[in-house]
Amino acid sequence: MAKPITGKTHIGERREKRANGDIYIYERVTAYDEKAKKTYTVSQKLKGKIKQGTQEVVVTRPKKNKGEGGIADATRQHTGLTDILEWVGKASGIDDDVRASFSEGDAAKILSVARYWIGSGGNTLPRLESWQVMHPLPYREAISEDVYGKLFKDVGRNEEGVQCYFSARAARLAESPVLAFDSTTVSTYSENQSETRQGFNKDGDGLNTIKLLTLYSVKAREPIAFTKQPGNIPDVISIENTLTQLKCLNLEKPLI
């Protein structure tokens with residue numbers, strides 16, 4: 001005589017051997033489906049595992065329930081691009097290094113122009129003054145054409161401030177830093193640039209070029225120093241000049 005159907009569930013154990021030899025042990029709850037005339041799995045839960053070559057059952061950690069651990073004290077605030085750029089300037093130390101290398105007024109203008117170029121996708125500078133109205137920048141006064149024209153002239157002549165900034169960025173690198181050296185040519189129609197020459201033009205457009213050499217920190221993923229050279233100087237000589245100039249940065253065993 002067959003056993004009567006009670007509708008109750010049965011708790012059993014199932015073992016599953018994985019490809020690496022570990023055996024996973026599951027607690028399985030089953031019940032009998034009268035219509036289908038077969039047993040089906042109600043639920044299954046991992047209890048532990050037996051590592052290959054051992055007999056001991058390692059119990060798995062229980063999952064945390066949602067909300068377990070108390071109520072989080074969270075706040076929400078709105079922020080914008082200029083807030084993010086301000087944070088980047090502080091976190092990277094760029095703001096501090098610029099202010100340590102130039103006068104307070106010039107430093108504020110330099111940081112403002114840089115944030116404008118990043119925030120506007122490289123728009124031309126005549127639009128800066130109107131953009132500045134809706135975006136707070138380190139330099140609070142209007143940056144007109146006369147203001148940024150004088151800034152570029154003063155900074156271009158302030159080689160001490162430029163090299164001081166490069167040294168400040170280099171001082172933030174760890175010992176034996178890994179640096180990437182990039183050499184590229186910038187084409188120009190201008191006849192007033194002293195470095196423009198007819199040489200190897202990497203764009204192949206036949207124009208006079210200026211060679212721009214840049215050193216990047218591989219770990220920080222940011223430039224630490226750059227220089228311009230006449231466009232007709234070969235890359236081999238550019239590299240030799242760069243290695244000589246590296247001595248001024250006082251880097252400890254740099255790898256280029």
# chains A, B, ... in the order shown; residues from 1 in each chain; ligands from 1
>>> residues_around(residues="Glu13 in chain A", least_positions_apart="6", cutoff="8 Å", atoms="only C-alpha atoms", output="list in words")
Ile25, Tyr26, Glu27 and Arg28 of chain A
>>> write_last_selection(atoms="N, CA and C atoms", output="mmCIF file, in the first residue's frame")
data_model
loop_
_atom_site.group_PDB
_atom_site.id
_atom_site.type_symbol
_atom_site.label_atom_id
_atom_site.label_comp_id
_atom_site.auth_asym_id
_atom_site.auth_seq_id
_atom_site.Cartn_x
_atom_site.Cartn_y
_atom_site.Cartn_z
ATOM 1 N N ILE A 25 28.244 21.541 -0.581
ATOM 2 C CA ILE A 25 27.126 20.887 0.125
ATOM 3 C C ILE A 25 25.954 21.860 0.186
ATOM 4 N N TYR A 26 24.807 21.409 -0.291
ATOM 5 C CA TYR A 26 23.600 22.237 -0.315
ATOM 6 C C TYR A 26 22.519 21.619 0.567
ATOM 7 N N GLU A 27 21.789 22.470 1.266
ATOM 8 C CA GLU A 27 20.586 22.036 1.986
ATOM 9 C C GLU A 27 19.407 22.236 1.029
ATOM 10 N N ARG A 28 18.703 21.141 0.712
ATOM 11 C CA ARG A 28 17.635 21.200 -0.271
ATOM 12 C C ARG A 28 16.295 20.833 0.362
#
>>> select_by_dssp(residues="range 35-188 of chain A", states="alpha helix (DSSP H)", output="ChimeraX atom specification")
/A:81-92,94-101,104-119,128-134,145-157,159-171
>>> closest_atom_pairs(of="range 92-124 of chain A", to="range 207-231 of chain A", cutoff="12 Å", atoms="only C-alpha atoms", output="JSON lines")
{"residue": "A:Ser92", "atom": "CA", "partner": "A:Ala220", "partner_atom": "CA", "distance": 9.0}
{"residue": "A:Gly93", "atom": "CA", "partner": "A:Ala220", "partner_atom": "CA", "distance": 11.6}
{"residue": "A:Ile94", "atom": "CA", "partner": "A:Ile224", "partner_atom": "CA", "distance": 10.1}
{"residue": "A:Asp97", "atom": "CA", "partner": "A:Ile224", "partner_atom": "CA", "distance": 11.2}
>>> write_last_selection(atoms="N, CA, C and O atoms", output="compact mmCIF listing (two decimals), in the first residue's frame")
# COMPACT_ATOMS: atom_id res chain seq x y z
N SER A 92 45.15 66.99 -6.61
CA SER A 92 46.39 66.72 -7.36
C SER A 92 47.56 67.57 -6.90
O SER A 92 48.71 67.27 -7.21
N GLY A 93 47.26 68.66 -6.16
CA GLY A 93 48.32 69.57 -5.74
C GLY A 93 48.68 70.60 -6.79
O GLY A 93 49.57 71.44 -6.57
N ILE A 94 47.98 70.58 -7.93
CA ILE A 94 48.30 71.53 -9.01
C ILE A 94 48.06 72.97 -8.55
O ILE A 94 48.87 73.87 -8.80
N ASP A 97 50.87 74.12 -6.32
CA ASP A 97 52.14 74.29 -7.03
C ASP A 97 52.12 75.54 -7.90
O ASP A 97 53.15 76.23 -8.02
>>> select_by_dssp(residues="range 1-250 of chain A", states="strand (DSSP E or B)", output="VMD selection string")
chain A and resid 10 to 17 23 to 33 38 to 50 57 to 59 178 to 188 197 208 to 217 222 to 230
>>> residues_around(residues="Pro136 in chain A", least_positions_apart="2", cutoff="9 Å", atoms="only C-alpha atoms", output="MDAnalysis selection string")
chainID A and resid 82:83 112 132:134 138:140
>>> write_last_selection(atoms="N, CA, C and O atoms", output="PDB file, in the first residue's frame")
ATOM      1  N   THR A  82      32.673  73.159 -12.379  1.00  0.00           N
ATOM      2  CA  THR A  82      33.689  73.973 -11.709  1.00  0.00           C
ATOM      3  C   THR A  82      34.014  73.428 -10.323  1.00  0.00           C
ATOM      4  O   THR A  82      35.154  73.519  -9.870  1.00  0.00           O
ATOM      5  N   ASP A  83      33.028  72.827  -9.643  1.00  0.00           N
ATOM      6  CA  ASP A  83      33.291  72.194  -8.349  1.00  0.00           C
ATOM      7  C   ASP A  83      34.228  70.999  -8.509  1.00  0.00           C
ATOM      8  O   ASP A  83      35.134  70.777  -7.695  1.00  0.00           O
ATOM      9  N   SER A 112      42.260  79.899 -13.685  1.00  0.00           N
ATOM     10  CA  SER A 112      40.962  80.240 -14.275  1.00  0.00           C
ATOM     11  C   SER A 112      40.940  79.934 -15.763  1.00  0.00           C
ATOM     12  O   SER A 112      39.966  79.367 -16.275  1.00  0.00           O
ATOM     13  N   GLN A 132      32.632  83.346 -17.746  1.00  0.00           N
ATOM     14  CA  GLN A 132      33.001  83.566 -16.355  1.00  0.00           C
ATOM     15  C   GLN A 132      31.817  84.050 -15.517  1.00  0.00           C
ATOM     16  O   GLN A 132      31.777  83.834 -14.303  1.00  0.00           O
ATOM     17  N   VAL A 133      30.839  84.673 -16.157  1.00  0.00           N
ATOM     18  CA  VAL A 133      29.675  85.201 -15.430  1.00  0.00           C
ATOM     19  C   VAL A 133      28.893  84.079 -14.745  1.00  0.00           C
ATOM     20  O   VAL A 133      28.420  84.229 -13.615  1.00  0.00           O
ATOM     21  N   MET A 134      28.765  82.918 -15.409  1.00  0.00           N
ATOM     22  CA  MET A 134      27.969  81.808 -14.889  1.00  0.00           C
ATOM     23  C   MET A 134      28.810  80.727 -14.221  1.00  0.00           C
ATOM     24  O   MET A 134      28.262  79.761 -13.705  1.00  0.00           O
ATOM     25  N   PRO A 138      38.786  80.956  -9.838  1.00  0.00           N
ATOM     26  CA  PRO A 138      39.692  81.501  -8.814  1.00  0.00           C
ATOM     27  C   PRO A 138      39.931  83.002  -8.945  1.00  0.00           C
ATOM     28  O   PRO A 138      40.074  83.694  -7.944  1.00  0.00           O
ATOM     29  N   TYR A 139      39.995  83.506 -10.191  1.00  0.00           N
ATOM     30  CA  TYR A 139      40.176  84.946 -10.391  1.00  0.00           C
ATOM     31  C   TYR A 139      38.796  85.587 -10.492  1.00  0.00           C
ATOM     32  O   TYR A 139      38.033  85.319 -11.425  1.00  0.00           O
ATOM     33  N   ARG A 140      38.450  86.435  -9.520  1.00  0.00           N
ATOM     34  CA  ARG A 140      37.093  86.947  -9.401  1.00  0.00           C
ATOM     35  C   ARG A 140      36.781  88.079 -10.376  1.00  0.00           C
ATOM     36  O   ARG A 140      35.632  88.269 -10.749  1.00  0.00           O
TER      37      ARG A 140
END
>>> residues_around(residues="Ile256 in chain A", least_positions_apart="2", cutoff="8 Å", atoms="only C-alpha atoms", output="PyMOL selection string")
chain A and resi 178-181+254
>>> write_last_selection(atoms="N, CA, C and O atoms", output="tab-separated table (two decimals), in the first residue's frame")
chain	number	residue	atom	x	y	z
A	178	VAL	N	58.57	56.46	-13.09
A	178	VAL	CA	58.54	56.06	-14.50
A	178	VAL	C	57.92	57.21	-15.29
A	178	VAL	O	56.80	57.63	-15.03
A	179	LEU	N	58.68	57.73	-16.26
A	179	LEU	CA	58.24	58.88	-17.04
A	179	LEU	C	58.12	58.49	-18.52
A	179	LEU	O	58.92	57.71	-19.03
A	180	ALA	N	57.12	59.05	-19.18
A	180	ALA	CA	56.98	58.87	-20.63
A	180	ALA	C	57.38	60.16	-21.31
A	180	ALA	O	57.00	61.25	-20.87
A	181	PHE	N	58.15	60.04	-22.39
A	181	PHE	CA	58.63	61.20	-23.14
A	181	PHE	C	57.90	61.25	-24.47
A	181	PHE	O	57.87	60.27	-25.22
A	254	PRO	N	65.19	58.27	-12.27
A	254	PRO	CA	63.99	58.18	-13.12
A	254	PRO	C	64.18	57.16	-14.23
A	254	PRO	O	65.30	56.96	-14.73
>>> residues_around(residues="Ile23 in chain A", least_positions_apart="3", cutoff="7 Å", atoms="only C-alpha atoms", output="JSON, numbers by chain")
{"A": [15, 16, 17, 18, 49, 50, 51]}
>>> write_last_selection(atoms="C-alpha atoms", output="mmCIF file, in the first residue's frame")
data_model
loop_
_atom_site.group_PDB
_atom_site.id
_atom_site.type_symbol
_atom_site.label_atom_id
_atom_site.label_comp_id
_atom_site.auth_asym_id
_atom_site.auth_seq_id
_atom_site.Cartn_x
_atom_site.Cartn_y
_atom_site.Cartn_z
ATOM 1 C CA ARG A 15 26.516 17.309 -2.769
ATOM 2 C CA GLU A 16 28.014 18.652 -5.968
ATOM 3 C CA LYS A 17 31.619 18.028 -7.016
ATOM 4 C CA ARG A 18 33.267 20.865 -8.969
ATOM 5 C CA LYS A 49 32.180 22.998 1.033
ATOM 6 C CA ILE A 50 34.824 20.325 1.423
ATOM 7 C CA LYS A 51 38.103 21.358 -0.161
#
>>> atom_distance(atom1="CA of Gln163 in chain A", atom2="CA of Ala142 in chain A")
27.9 Å
>>> atom_distance(atom1="CA of Glu104 in chain A", atom2="CA of His135 in chain A")
20.0 Å
>>> closest_residue(among="A:Val88, A:Leu81, A:Val155, A:Val98", to="Ser120 in chain A", atoms="only C-alpha atoms")
A:Leu81
>>> residues_around(residues="His10 in chain A", least_positions_apart="2", cutoff="10 Å", atoms="only C-alpha atoms", output="list in words")
Gly7, Lys8, Gly12, Arg28, Val29, Thr30, Ala31, Tyr32, Thr39, Thr41 and Val42 of chain A
>>> closest_residue(among="A:Arg157, A:Lys35, A:Lys247, A:Lys202", to="Phe102 in chain A", atoms="only C-alpha atoms")
A:Arg157
>>> atom_distance(atom1="CA of Lys90 in chain A", atom2="CA of Glu175 in chain A")
22.4 Å
>>> closest_residue(among="A:Arg197, A:Lys150, A:Arg14, A:Arg61", to="Ser43 in chain A", atoms="only C-alpha atoms")
A:Arg14
>>> closest_residue(among="A:Thr60, A:Ala114, A:Ser190, A:Ala74", to="Glu86 in chain A", atoms="only C-alpha atoms")
A:Ala114
